[in-house]
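Take a look at the structure below.
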Amino acid sequence: MHWPISTSSFFAPESTRSSDTADALLKRLNLNDPAAAAFLRTDANAQLILAGRAGKTVTAEASDSQQLLKLSMRWPTDDEALFKRLIIERSANGLGGFSSRVETAPYTSSARLASGSIQTSLFAATDDARIPDSVSVQLAEIFSSDIDFRRALRKGDRFNVVYETLEADGETLRTGRVLSAEFVNAGKSYEAMWFQSPGQDAAGAPHKGGYYTLDGQSLRRAYLSSPVEFSRVSSGFSMRFHPVLQKWRAHLGTDFAATTGTPARTVGDGVVEFAGVQNGYGNVVFIKHRNNHETVYAHLSKISVQRGQTVSQGQTVGLVGSTGWATGPHLHFEFRVNGTQQDPMNIAKQSETIQLSTAALPLFRQLAAGVRNQLQAAATISQTRAE
């Protein structure tokens, strides 16, 4: 497109601030253009720039006389495959008018390799490696049946990870899923890769993807090891000083520290046996599973299910709270077998897995060979950094 207003140059992206006005943003972009500022203040599409949360990335193209020629901004949508793009352009006739439009476009996906070593905690290690928290959470979820990330991490444990980044016109807008990972805990190595069998199931829907060991064993088990998504702080299955009864007693369950309103999820398929208020438990949900297994979710601020309801693994049954004998917000969780409390981590480890179909094995093995090479490449990142 021909621009009559001298030559143009691009400016480095600038992030919006909560205190921004149209004039302030343009000033940081080194622009002196009252007409552009007026357009940003009045155009419905342009107002998306300063509306809502701060931290949006804006890129400008300007003339030598510091007038705006083109401004663009991208942001994620609820659809994980698509982003939105706002474009504001000065009219080609050079009379000072502007136009705006909002487009929808697909992300470009790319893989990023990273590695780290545990010194204090998983989140500290991933922070040091500049790995997003969403990847940290996925790592903990993937290996949760084999590694207790709340109690069993050791200094010197290490991990390599390949994860997806979703980019919009070269700008990373969101982190996708972990594609493959290796975690070495107490000298033992655990590996995982994402795999989705080609084709469709009996109902005509695409097969669901999942994580598998590199020899084809599914990492999805009948029970999750945690009723809340991995958090930075929680107490384990142990003896503790009861804060309300003020005496030592066996703490026959696990307390998961979480903020009020955090979703509490059922660890396995089952039927709601009780949903209501019960003495020290406060708002509590009991779920009956097969083989005389039962789980308990206590101190909830809100109950999201009702008695007799069928629930599936990972479904939200309530929100974390501090009802009953609780001194602060957390989820008290119990796993009972024939009425006797058991360590939920051990139950998750012992629960059966879902196997990969024979028909999918050839493709899986072909992909697994490439995954091994990627994880080896990721491992060299920490070696290079250490040197």
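Ligands are numbered from 1 in the order shown, chains are lettered A, B, ... in the order of the structure tokens, and residues start at 1 in each chain.
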Taking 4 positions as the minimum chain separation for residues in the same chain, which residues sit within 6 Å of Arg307 of chain A when counting only C-alpha atoms? Answer as a PyMOL selection string.
chain A and resi 272-275
According to DSSP computed on the backbone, where in segment 104-165 of chain A is there helix (DSSP H, G or I)? Give the residues as a short mmCIF file (atom, residue, chain, number, x, y, z; two decimals) with C-alpha atoms, in the first residue's frame.
```cif
data_model
loop_
_atom_site.label_atom_id
_atom_site.label_comp_id
_atom_site.auth_asym_id
_atom_site.auth_seq_id
_atom_site.Cartn_x
_atom_site.Cartn_y
_atom_site.Cartn_z
CA LEU A 122 9.38 -27.41 41.15
CA PHE A 123 8.08 -23.86 40.67
CA ALA A 124 11.41 -22.35 41.71
CA ALA A 125 13.18 -24.56 39.18
CA THR A 126 10.80 -23.74 36.35
CA ASP A 127 11.00 -20.03 37.23
CA ASP A 128 14.79 -20.23 36.91
CA ASP A 133 3.59 -21.95 35.40
CA SER A 134 1.07 -23.72 33.17
CA VAL A 135 3.87 -26.06 32.04
CA SER A 136 4.92 -26.66 35.66
CA VAL A 137 1.36 -27.66 36.52
CA GLN A 138 1.17 -29.99 33.52
CA LEU A 139 4.45 -31.65 34.51
CA ALA A 140 3.10 -32.34 37.99
CA GLU A 141 -0.18 -33.66 36.57
CA ILE A 142 1.49 -35.93 34.01
#
```
Out of A:Thr21, A:Thr266, A:Gln278, A:Thr175, which residue has the shortest atom-to-atom distance to Leu40 of chain A when counting only C-alpha atoms?
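Nearest candidate to Leu40 of chain A out of A:Thr21, A:Thr266, A:Gln278, A:Thr175: A:Thr21.
Take atom CA of Lys302 of chain A and atom CA of Lys288 of chain A: the distance between them is 19.6 Å.
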Give the answer as one residue: which of A:Val311, A:Val371, A:Ile287, A:Ala46 has the shortest atom-to-atom distance to Val161 of chain A, using only C-alpha atoms?
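Of the candidates, the smallest distance to Val161 of chain A is held by A:Val371.
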